[in-house]
Structure formats: structure tokens, C-alpha cells
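Data from start29.pdb: PDB, C-alpha atoms and all ligand atoms
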```pdb
ATOM      1  CA  MET A   1     -18.148  -8.130  52.663  1.00  0.00           C
ATOM      2  CA  ILE A   2     -18.261 -10.647  49.858  1.00  0.00           C
ATOM      3  CA  ARG A   3     -19.249  -7.936  47.409  1.00  0.00           C
ATOM      4  CA  LYS A   4     -16.401  -5.673  48.461  1.00  0.00           C
ATOM      5  CA  GLY A   5     -13.992  -8.521  48.059  1.00  0.00           C
ATOM      6  CA  ARG A   6     -15.219  -9.189  44.563  1.00  0.00           C
ATOM      7  CA  LEU A   7     -14.940  -5.541  43.569  1.00  0.00           C
ATOM      8  CA  LEU A   8     -11.425  -5.389  44.898  1.00  0.00           C
ATOM      9  CA  GLY A   9     -10.605  -8.531  43.003  1.00  0.00           C
ATOM     10  CA  LEU A  10     -11.993  -7.004  39.813  1.00  0.00           C
ATOM     11  CA  ILE A  11      -9.921  -3.860  40.261  1.00  0.00           C
ATOM     12  CA  VAL A  12      -6.772  -5.851  40.875  1.00  0.00           C
ATOM     13  CA  PHE A  13      -7.521  -7.997  37.835  1.00  0.00           C
ATOM     14  CA  ALA A  14      -8.218  -4.963  35.614  1.00  0.00           C
ATOM     15  CA  SER A  15      -5.105  -3.099  36.685  1.00  0.00           C
ATOM     16  CA  PHE A  16      -3.073  -6.208  36.074  1.00  0.00           C
ATOM     17  CA  LEU A  17      -4.402  -6.374  32.498  1.00  0.00           C
ATOM     18  CA  PHE A  18      -4.018  -2.681  31.742  1.00  0.00           C
ATOM     19  CA  PRO A  19      -0.318  -2.642  30.791  1.00  0.00           C
ATOM     20  CA  PHE A  20      -0.943  -5.768  28.730  1.00  0.00           C
ATOM     21  CA  TYR A  21      -3.493  -3.897  26.590  1.00  0.00           C
ATOM     22  CA  ILE A  22      -1.009  -1.141  25.852  1.00  0.00           C
ATOM     23  CA  VAL A  23       1.780  -3.526  24.940  1.00  0.00           C
ATOM     24  CA  SER A  24      -0.435  -5.695  22.752  1.00  0.00           C
ATOM     25  CA  GLY A  25      -1.774  -2.567  21.025  1.00  0.00           C
ATOM     26  CA  TRP A  26       1.780  -1.587  20.151  1.00  0.00           C
ATOM     27  CA  THR A  27       2.969  -4.912  18.863  1.00  0.00           C
ATOM     28  CA  GLY A  28      -0.252  -5.161  16.860  1.00  0.00           C
ATOM     29  CA  ARG A  29       0.703  -1.989  15.051  1.00  0.00           C
ATOM     30  CA  ASP A  30       4.241  -3.210  14.457  1.00  0.00           C
ATOM     31  CA  GLN A  31       3.015  -6.451  12.968  1.00  0.00           C
ATOM     32  CA  GLN A  32       1.038  -4.838  10.185  1.00  0.00           C
ATOM     33  CA  LYS A  33       4.197  -4.451   8.111  1.00  0.00           C
ATOM     34  CA  THR A  34       5.242  -8.058   8.226  1.00  0.00           C
ATOM     35  CA  ASP A  35       2.164 -10.224   8.368  1.00  0.00           C
ATOM     36  CA  GLY A  36      -0.251  -7.819   6.686  1.00  0.00           C
ATOM     37  CA  SER A  37      -3.079  -8.813   8.979  1.00  0.00           C
ATOM     38  CA  GLN A  38      -3.654  -5.367  10.469  1.00  0.00           C
ATOM     39  CA  ASP A  39      -4.645  -2.069   8.969  1.00  0.00           C
ATOM     40  CA  VAL A  40      -3.504  -2.690   5.400  1.00  0.00           C
ATOM     41  CA  PRO A  41      -4.876  -0.108   2.924  1.00  0.00           C
ATOM     42  CA  ALA A  42      -7.524  -1.277   0.460  1.00  0.00           C
ATOM     43  CA  TYR A  43      -6.640  -3.668  -2.385  1.00  0.00           C
ATOM     44  CA  HIS A  44      -8.282  -6.450  -4.392  1.00  0.00           C
ATOM     45  CA  LYS A  45      -7.296  -9.970  -3.423  1.00  0.00           C
ATOM     46  CA  GLU A  46      -7.984 -11.475  -6.851  1.00  0.00           C
ATOM     47  CA  ALA A  47      -7.157 -10.524 -10.426  1.00  0.00           C
ATOM     48  CA  PRO A  48      -9.910  -8.428 -12.055  1.00  0.00           C
ATOM     49  CA  LYS A  49     -12.748 -10.271 -13.801  1.00  0.00           C
ATOM     50  CA  GLU A  50     -13.783  -7.277 -15.931  1.00  0.00           C
ATOM     51  CA  PRO A  51     -11.630  -5.097 -18.187  1.00  0.00           C
ATOM     52  CA  LEU A  52      -9.990  -2.348 -16.118  1.00  0.00           C
ATOM     53  CA  PRO A  53     -10.386   1.385 -16.700  1.00  0.00           C
ATOM     54  CA  LYS A  54      -7.416   2.960 -18.476  1.00  0.00           C
ATOM     55  CA  THR A  55      -4.759   4.852 -16.529  1.00  0.00           C
ATOM     56  CA  ARG A  56      -4.041   8.447 -17.564  1.00  0.00           C
ATOM     57  CA  LYS A  57      -1.833   8.803 -20.607  1.00  0.00           C
ATOM     58  CA  PRO A  58       1.839   9.519 -19.823  1.00  0.00           C
ATOM     59  CA  GLU A  59       1.706  12.288 -22.455  1.00  0.00           C
ATOM     60  CA  SER A  60      -0.701  14.198 -20.191  1.00  0.00           C
ATOM     61  CA  PHE A  61       2.294  15.133 -18.042  1.00  0.00           C
ATOM     62  CA  GLU A  62       5.263  17.435 -18.590  1.00  0.00           C
ATOM     63  CA  ASP A  63       7.325  16.087 -15.705  1.00  0.00           C
ATOM     64  CA  PRO A  64       9.545  13.160 -16.858  1.00  0.00           C
ATOM     65  CA  LEU A  65       9.075  11.319 -13.530  1.00  0.00           C
ATOM     66  CA  ALA A  66       5.289  11.507 -13.890  1.00  0.00           C
ATOM     67  CA  LYS A  67       5.532  10.393 -17.536  1.00  0.00           C
ATOM     68  CA  ASN A  68       7.654   7.401 -16.493  1.00  0.00           C
ATOM     69  CA  VAL A  69       5.448   6.245 -13.639  1.00  0.00           C
ATOM     70  CA  TYR A  70       2.249   6.597 -15.695  1.00  0.00           C
ATOM     71  CA  ALA A  71       3.877   4.660 -18.542  1.00  0.00           C
ATOM     72  CA  MET A  72       4.760   1.907 -16.045  1.00  0.00           C
ATOM     73  CA  ALA A  73       1.262   1.941 -14.554  1.00  0.00           C
ATOM     74  CA  ALA A  74      -0.290   1.425 -17.999  1.00  0.00           C
ATOM     75  CA  LYS A  75       1.775  -1.774 -18.444  1.00  0.00           C
ATOM     76  CA  ILE A  76       0.796  -3.404 -15.139  1.00  0.00           C
ATOM     77  CA  GLU A  77      -2.800  -2.408 -14.468  1.00  0.00           C
ATOM     78  CA  GLU A  78      -3.759  -5.905 -13.296  1.00  0.00           C
ATOM     79  CA  VAL A  79      -0.892  -5.946 -10.807  1.00  0.00           C
ATOM     80  CA  LEU A  80      -1.732  -2.476  -9.459  1.00  0.00           C
ATOM     81  CA  TYR A  81      -5.365  -3.517  -9.000  1.00  0.00           C
ATOM     82  CA  GLN A  82      -4.123  -6.048  -6.447  1.00  0.00           C
ATOM     83  CA  GLN A  83      -1.870  -3.669  -4.457  1.00  0.00           C
ATOM     84  CA  PRO A  84      -2.631  -1.482  -1.435  1.00  0.00           C
ATOM     85  CA  CYS A  85      -1.493   2.153  -1.582  1.00  0.00           C
ATOM     86  CA  TYR A  86       0.235   3.278   1.578  1.00  0.00           C
ATOM     87  CA  CYS A  87      -0.443   6.995   1.080  1.00  0.00           C
ATOM     88  CA  ARG A  88      -3.815   6.082   2.647  1.00  0.00           C
ATOM     89  CA  CYS A  89      -5.753   7.379  -0.340  1.00  0.00           C
ATOM     90  CA  ASP A  90      -8.240   4.606   0.493  1.00  0.00           C
ATOM     91  CA  GLU A  91      -9.306   6.836   3.390  1.00  0.00           C
ATOM     92  CA  THR A  92      -8.777  10.280   1.821  1.00  0.00           C
ATOM     93  CA  ASP A  93      -9.951   9.564  -1.751  1.00  0.00           C
ATOM     94  CA  HIS A  94     -11.848   6.256  -1.401  1.00  0.00           C
ATOM     95  CA  HIS A  95      -9.327   4.491  -3.611  1.00  0.00           C
ATOM     96  CA  GLU A  96      -9.800   0.720  -3.776  1.00  0.00           C
ATOM     97  CA  SER A  97      -6.255  -0.101  -4.881  1.00  0.00           C
ATOM     98  CA  LEU A  98      -3.019   1.442  -6.162  1.00  0.00           C
ATOM     99  CA  LEU A  99      -4.512   1.389  -9.667  1.00  0.00           C
ATOM    100  CA  ASP A 100      -6.961   4.144  -8.709  1.00  0.00           C
ATOM    101  CA  CYS A 101      -4.019   6.509  -8.021  1.00  0.00           C
ATOM    102  CA  PHE A 102      -3.131   6.387 -11.728  1.00  0.00           C
ATOM    103  CA  LEU A 103      -6.617   6.805 -13.188  1.00  0.00           C
ATOM    104  CA  ASP A 104      -6.384  10.528 -12.437  1.00  0.00           C
ATOM    105  CA  ASN A 105      -3.533  12.915 -11.551  1.00  0.00           C
ATOM    106  CA  HIS A 106      -3.115  11.649  -7.981  1.00  0.00           C
ATOM    107  CA  GLY A 107      -0.012   9.573  -8.817  1.00  0.00           C
ATOM    108  CA  ALA A 108       1.806  12.553 -10.379  1.00  0.00           C
ATOM    109  CA  ASP A 109       2.326  14.247  -7.029  1.00  0.00           C
ATOM    110  CA  CYS A 110       2.496  11.359  -4.575  1.00  0.00           C
ATOM    111  CA  ASP A 111       5.961   9.929  -3.930  1.00  0.00           C
ATOM    112  CA  ILE A 112       4.509   6.907  -2.102  1.00  0.00           C
ATOM    113  CA  CYS A 113       2.342   5.928  -5.096  1.00  0.00           C
ATOM    114  CA  GLN A 114       5.327   6.550  -7.391  1.00  0.00           C
ATOM    115  CA  ARG A 115       7.712   4.360  -5.391  1.00  0.00           C
ATOM    116  CA  GLU A 116       5.114   1.610  -5.196  1.00  0.00           C
ATOM    117  CA  VAL A 117       4.409   1.618  -8.927  1.00  0.00           C
ATOM    118  CA  ILE A 118       8.135   1.557  -9.758  1.00  0.00           C
ATOM    119  CA  LEU A 119       8.693  -1.394  -7.413  1.00  0.00           C
ATOM    120  CA  ALA A 120       5.666  -3.215  -8.853  1.00  0.00           C
ATOM    121  CA  TYR A 121       6.839  -2.575 -12.428  1.00  0.00           C
ATOM    122  CA  ASN A 122      10.431  -3.700 -11.789  1.00  0.00           C
ATOM    123  CA  GLU A 123       9.352  -6.801  -9.896  1.00  0.00           C
ATOM    124  CA  SER A 124       6.729  -7.864 -12.421  1.00  0.00           C
ATOM    125  CA  LYS A 125       9.361  -7.525 -15.156  1.00  0.00           C
ATOM    126  CA  LYS A 126      11.391 -10.038 -13.140  1.00  0.00           C
ATOM    127  CA  GLY A 127       8.393 -12.390 -13.251  1.00  0.00           C
ATOM    128  CA  LYS A 128       7.017 -11.873  -9.742  1.00  0.00           C
ATOM    129  CA  THR A 129       3.288 -12.382  -9.211  1.00  0.00           C
ATOM    130  CA  ALA A 130       0.884  -9.755  -7.901  1.00  0.00           C
ATOM    131  CA  GLY A 131       0.738 -11.631  -4.576  1.00  0.00           C
ATOM    132  CA  GLU A 132       4.526 -11.687  -4.227  1.00  0.00           C
ATOM    133  CA  ILE A 133       4.735  -7.995  -5.062  1.00  0.00           C
ATOM    134  CA  ARG A 134       2.006  -7.258  -2.527  1.00  0.00           C
ATOM    135  CA  ASN A 135       4.034  -8.966   0.196  1.00  0.00           C
ATOM    136  CA  GLU A 136       7.028  -6.836  -0.718  1.00  0.00           C
ATOM    137  CA  ILE A 137       4.950  -3.664  -0.625  1.00  0.00           C
ATOM    138  CA  MET A 138       3.522  -4.625   2.766  1.00  0.00           C
ATOM    139  CA  ASP A 139       7.070  -5.193   3.982  1.00  0.00           C
ATOM    140  CA  GLY A 140       7.838  -1.602   2.962  1.00  0.00           C
ATOM    141  CA  LYS A 141      10.303  -2.527   0.196  1.00  0.00           C
ATOM    142  CA  TYR A 142       9.023   0.369  -1.968  1.00  0.00           C
ATOM    143  CA  THR A 143      10.477   2.888   0.496  1.00  0.00           C
ATOM    144  CA  GLY A 144      13.959   1.951  -0.773  1.00  0.00           C
ATOM    145  CA  ILE A 145      13.189   3.093  -4.356  1.00  0.00           C
ATOM    146  CA  ASP A 146      15.329   6.086  -5.342  1.00  0.00           C
ATOM    147  CA  LEU A 147      13.051   8.374  -7.363  1.00  0.00           C
ATOM    148  CA  GLY A 148      16.120  10.287  -8.547  1.00  0.00           C
ATOM    149  CA  GLN A 149      16.861   7.440 -10.956  1.00  0.00           C
ATOM    150  CA  TYR A 150      13.520   7.911 -12.695  1.00  0.00           C
ATOM    151  CA  LYS A 151      13.602  11.650 -13.392  1.00  0.00           C
ATOM    152  CA  THR A 152      14.953  11.409 -16.924  1.00  0.00           C
ATOM    153  CA  PRO A 153      12.889  10.175 -19.881  1.00  0.00           C
ATOM    154  CA  MET A 154      12.838   6.370 -20.052  1.00  0.00           C
ATOM    155  CA  ASN A 155      11.748   3.857 -22.611  1.00  0.00           C
ATOM    156  CA  ILE A 156       9.013   1.853 -20.875  1.00  0.00           C
ATOM    157  CA  ASP A 157       8.650  -0.919 -23.393  1.00  0.00           C
ATOM    158  CA  ARG A 158       6.732  -3.673 -21.658  1.00  0.00           C
TER     159      ARG A 158
HETATM  160 ZN    ZN B 201      -2.358   6.469  -3.463  1.00  0.00          ZN
END
```
Any chance you could put this one into C-alpha cells?
Amino acid sequence: MIRKGRLLGLIVFASFLFPFYIVSGWTGRDQQKTDGSQDVPAYHKEAPKEPLPKTRKPESFEDPLAKNVYAMAAKIEEVLYQQPCYCRCDETDHHESLLDCFLDNHGADCDICQREVILAYNESKKGKTAGEIRNEIMDGKYTGIDLGQYKTPMNIDR
């Protein structure tokens, strides 16, 4: 009888917890955007200690948007090295940061990588640090970038 009682108690306890698991699973997923603690794509936490590989030359592309974003990428390699890329190329292409998207042609066709690099470029021109930019990217600020504004040739000076 004692055993049965214990089993019943366990079942009641488990079924009480069950909805809690579902709810906590959900909020956990919601939190990733704001606190960055969950499921953030790969990035480097520190500035690089070695010289970085060069991004692809903007001249390799015909498309003005691609030219612009690759020209921006070349100016802020250190910043990109410290950013996650939300197209999940860390899983599909084993990228270690947003910089990797611009070492080959990947960034020419990916609107997520493009929005992120434009945000990072604009914000670093304003003097923001890589860490500050990373927080903005994790908050999803890059999704507000209008790519339409970057489809004509630009002078990316610094
Ligand atoms: Zn990417």
C-alpha cells in the first residue's frame, strides 16, 4: 500500500510539473533575443589576437548592394568577428562569426547577413563598440534595416 501511495504521489507530482516545463521552454526561447543567454549563433567574445583573413573584394560583385555590403565588411572586420550571424550559417556552413559570411560569396545572397553588416557598419561609424553592436544585433535591431536604401553605388570611405 505504501508503494502504491508513493507511485500515485509521483504521478501527481509529475503531472503538476508538466505544464510548467512547456511554459518555461517557451519563455526560454523568447528570452534569447533580449538577454542573449540562449541559443545565440556563434561569435567570438574577444577582439582577434591574430590578423584576420581578408573579406572578398567588393569589385568581385556586379550587384551594387553586394558591392556596398562587402565594402562595409572590409572596413569593420574586427567588429564582424565579434558578431553572431542570425541566418544560422554557424549550423549550415560552420561559420564562427558574421565575418565568415563575407570571406566568400555567402553574404552576397543573404539578406540577414546584409542587414547585420549594414547595422554594424553604421553603428561603428557612430563610435559604438563591438559589444554594444552585438547587443543590438541580439535584440534584432538589424531587422529594421531597409536594404532598398543600399541598392545604389555608395562611397564607403571608412
Ligand atoms: Zn551568415
Quote the spacing between CA of Ala66 (chain A) and CA of Asn155 (chain A) in Å to one decimal place.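 Interatomic distance, CA of Ala66 (chain A) to CA of Asn155 (chain A): 13.3 Å.
In this comparison, which uses only C-alpha atoms and all ligand atoms, the residue of A:Met138, A:Cys113, A:Val69, A:Ala74 approaching ligand ZN 201 (chain B) most closely is A:Cys113.
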Wanna dump the chain A-ligand ZN 201 (chain B) contacts at 12 Å for me, each residue with its shortest atom pair and the distance in Å to one decimal, counting all atoms listed in the file, ordered by chain and number, as a Markdown table?
```
| residue | atom | partner | partner_atom | distance |
| --- | --- | --- | --- | --- |
| A:Pro41 | CA | B:ZN201 | ZN | 9.5 |
| A:Ala42 | CA | B:ZN201 | ZN | 10.1 |
| A:Tyr43 | CA | B:ZN201 | ZN | 11.1 |
| A:Leu80 | CA | B:ZN201 | ZN | 10.8 |
| A:Tyr81 | CA | B:ZN201 | ZN | 11.8 |
| A:Gln83 | CA | B:ZN201 | ZN | 10.2 |
| A:Pro84 | CA | B:ZN201 | ZN | 8.2 |
| A:Cys85 | CA | B:ZN201 | ZN | 4.8 |
| A:Tyr86 | CA | B:ZN201 | ZN | 6.5 |
| A:Cys87 | CA | B:ZN201 | ZN | 5.0 |
| A:Arg88 | CA | B:ZN201 | ZN | 6.3 |
| A:Cys89 | CA | B:ZN201 | ZN | 4.7 |
| A:Asp90 | CA | B:ZN201 | ZN | 7.3 |
| A:Glu91 | CA | B:ZN201 | ZN | 9.8 |
| A:Thr92 | CA | B:ZN201 | ZN | 9.1 |
| A:Asp93 | CA | B:ZN201 | ZN | 8.4 |
| A:His94 | CA | B:ZN201 | ZN | 9.7 |
| A:His95 | CA | B:ZN201 | ZN | 7.2 |
| A:Glu96 | CA | B:ZN201 | ZN | 9.4 |
| A:Ser97 | CA | B:ZN201 | ZN | 7.8 |
| A:Leu98 | CA | B:ZN201 | ZN | 5.7 |
| A:Leu99 | CA | B:ZN201 | ZN | 8.3 |
| A:Asp100 | CA | B:ZN201 | ZN | 7.4 |
| A:Cys101 | CA | B:ZN201 | ZN | 4.9 |
| A:Phe102 | CA | B:ZN201 | ZN | 8.3 |
| A:Leu103 | CA | B:ZN201 | ZN | 10.6 |
| A:Asp104 | CA | B:ZN201 | ZN | 10.6 |
| A:Asn105 | CA | B:ZN201 | ZN | 10.4 |
| A:His106 | CA | B:ZN201 | ZN | 6.9 |
| A:Gly107 | CA | B:ZN201 | ZN | 6.6 |
| A:Ala108 | CA | B:ZN201 | ZN | 10.1 |
| A:Asp109 | CA | B:ZN201 | ZN | 9.8 |
| A:Cys110 | CA | B:ZN201 | ZN | 7.0 |
| A:Asp111 | CA | B:ZN201 | ZN | 9.0 |
| A:Ile112 | CA | B:ZN201 | ZN | 7.0 |
| A:Cys113 | CA | B:ZN201 | ZN | 5.0 |
| A:Gln114 | CA | B:ZN201 | ZN | 8.6 |
| A:Arg115 | CA | B:ZN201 | ZN | 10.5 |
| A:Glu116 | CA | B:ZN201 | ZN | 9.1 |
| A:Val117 | CA | B:ZN201 | ZN | 10.0 |
```
For Ala71 (chain A): contacts at 8 Å, only C-alpha atoms, fewer than 5 positions along chain excluded, given as number ranges by chain: A: 57-58, 156
Show me, as a list in words, the residues that have an atom within 12 Å of Gly127 (chain A) when counting all atoms listed in the file, minus same-chain residues fewer than 6 positions from it. Ile76, Val79, Ala120, Tyr121 and Ile133 of chain A
What does the structure give for the distance between CA of Asp39 (chain A) and CA of Ile145 (chain A), in Å to one decimal?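 CA of Ile145 (chain A) lies at a distance of 22.9 Å from CA of Asp39 (chain A).
Using all atoms listed in the file, the smallest distance between any of A:Leu52, A:Met72, A:Val40, A:Met154 and Ile137 (chain A) comes from A:Val40.
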One residue among A:Asn68, A:Thr55, A:Asn122, A:Asn135 is nearest to Lys151 (chain A) when using all atoms listed in the file, and that residue is A:Asn68
CA of Ala73 (chain A) sits from CA of Gln149 (chain A) at a separation of 16.9 Å
Which residue, A:Ser124, A:Thr152, A:Gln82, A:Thr129, has the smallest gap to Pro48 (chain A) when you use only C-alpha atoms?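 Nearest to Pro48 (chain A): A:Gln82.
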Taking the structure in the block just given, could you write region 35-67 of chain A with N, CA and C atoms, as a tab-separated table (two decimals), in the first residue's frame?
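The resulting part10.tsv:
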```
chain	number	residue	atom	x	y	z
A	35	ASP	N	18.22	38.74	-23.58
A	35	ASP	CA	19.37	38.59	-22.69
A	35	ASP	C	20.52	37.82	-23.34
A	36	GLY	N	20.28	37.24	-24.51
A	36	GLY	CA	21.36	36.61	-25.25
A	36	GLY	C	21.91	35.36	-24.61
A	37	SER	N	21.25	34.84	-23.58
A	37	SER	CA	21.82	33.71	-22.88
A	37	SER	C	21.51	32.38	-23.58
A	38	GLN	N	20.51	32.38	-24.45
A	38	GLN	CA	20.07	31.12	-25.04
A	38	GLN	C	20.23	31.12	-26.55
A	39	ASP	N	20.83	30.04	-27.06
A	39	ASP	CA	20.76	29.77	-28.48
A	39	ASP	C	21.19	30.93	-29.38
A	40	VAL	N	22.25	31.62	-28.99
A	40	VAL	CA	22.77	32.68	-29.85
A	40	VAL	C	23.74	32.04	-30.84
A	41	PRO	N	23.67	32.41	-32.14
A	41	PRO	CA	24.62	31.83	-33.10
A	41	PRO	C	26.06	32.15	-32.72
A	42	ALA	N	26.99	31.42	-33.32
A	42	ALA	CA	28.40	31.52	-32.93
A	42	ALA	C	28.99	32.92	-33.16
A	43	TYR	N	29.83	33.36	-32.23
A	43	TYR	CA	30.60	34.60	-32.39
A	43	TYR	C	31.79	34.53	-31.45
A	44	HIS	N	32.76	35.43	-31.65
A	44	HIS	CA	33.92	35.49	-30.75
A	44	HIS	C	33.68	36.58	-29.72
A	45	LYS	N	33.95	36.25	-28.48
A	45	LYS	CA	33.68	37.19	-27.38
A	45	LYS	C	34.71	38.30	-27.30
A	46	GLU	N	35.92	38.03	-27.78
A	46	GLU	CA	37.01	39.00	-27.67
A	46	GLU	C	37.45	39.45	-29.06
A	47	ALA	N	38.14	40.58	-29.10
A	47	ALA	CA	38.75	41.04	-30.36
A	47	ALA	C	39.81	40.01	-30.79
A	48	PRO	N	40.05	39.91	-32.09
A	48	PRO	CA	41.01	38.90	-32.58
A	48	PRO	C	42.43	39.21	-32.13
A	49	LYS	N	43.22	38.17	-31.87
A	49	LYS	CA	44.61	38.36	-31.46
A	49	LYS	C	45.55	38.26	-32.66
A	50	GLU	N	45.07	37.60	-33.72
A	50	GLU	CA	45.87	37.42	-34.94
A	50	GLU	C	45.25	38.28	-36.04
A	51	PRO	N	46.04	38.60	-37.07
A	51	PRO	CA	45.45	39.31	-38.22
A	51	PRO	C	44.33	38.47	-38.83
A	52	LEU	N	43.26	39.13	-39.26
A	52	LEU	CA	42.10	38.40	-39.79
A	52	LEU	C	42.25	38.15	-41.29
A	53	PRO	N	41.63	37.09	-41.78
A	53	PRO	CA	41.63	36.87	-43.24
A	53	PRO	C	40.85	37.99	-43.92
A	54	LYS	N	41.19	38.28	-45.16
A	54	LYS	CA	40.54	39.39	-45.87
A	54	LYS	C	39.16	38.96	-46.41
A	55	THR	N	38.22	39.89	-46.31
A	55	THR	CA	36.90	39.66	-46.91
A	55	THR	C	37.03	39.75	-48.44
A	56	ARG	N	36.03	39.22	-49.14
A	56	ARG	CA	36.09	39.27	-50.61
A	56	ARG	C	36.02	40.71	-51.09
A	57	LYS	N	36.71	40.97	-52.18
A	57	LYS	CA	36.75	42.33	-52.71
A	57	LYS	C	35.38	42.74	-53.26
A	58	PRO	N	34.94	43.97	-52.94
A	58	PRO	CA	33.65	44.45	-53.45
A	58	PRO	C	33.59	44.38	-54.98
A	59	GLU	N	34.74	44.57	-55.63
A	59	GLU	CA	34.77	44.54	-57.11
A	59	GLU	C	34.43	43.16	-57.66
A	60	SER	N	34.44	42.13	-56.79
A	60	SER	CA	34.10	40.79	-57.31
A	60	SER	C	32.61	40.69	-57.66
A	61	PHE	N	31.84	41.71	-57.28
A	61	PHE	CA	30.39	41.61	-57.47
A	61	PHE	C	29.87	42.68	-58.44
A	62	GLU	N	28.86	42.29	-59.21
A	62	GLU	CA	28.20	43.22	-60.13
A	62	GLU	C	27.13	44.01	-59.39
A	63	ASP	N	26.39	43.32	-58.55
A	63	ASP	CA	25.25	43.89	-57.84
A	63	ASP	C	25.70	45.02	-56.89
A	64	PRO	N	25.14	46.24	-57.04
A	64	PRO	CA	25.56	47.35	-56.19
A	64	PRO	C	25.36	47.08	-54.70
A	65	LEU	N	24.28	46.40	-54.33
A	65	LEU	CA	24.05	46.07	-52.91
A	65	LEU	C	25.18	45.20	-52.38
A	66	ALA	N	25.54	44.17	-53.15
A	66	ALA	CA	26.64	43.29	-52.73
A	66	ALA	C	27.94	44.08	-52.64
A	67	LYS	N	28.21	44.92	-53.64
A	67	LYS	CA	29.42	45.76	-53.59
A	67	LYS	C	29.44	46.59	-52.31
```
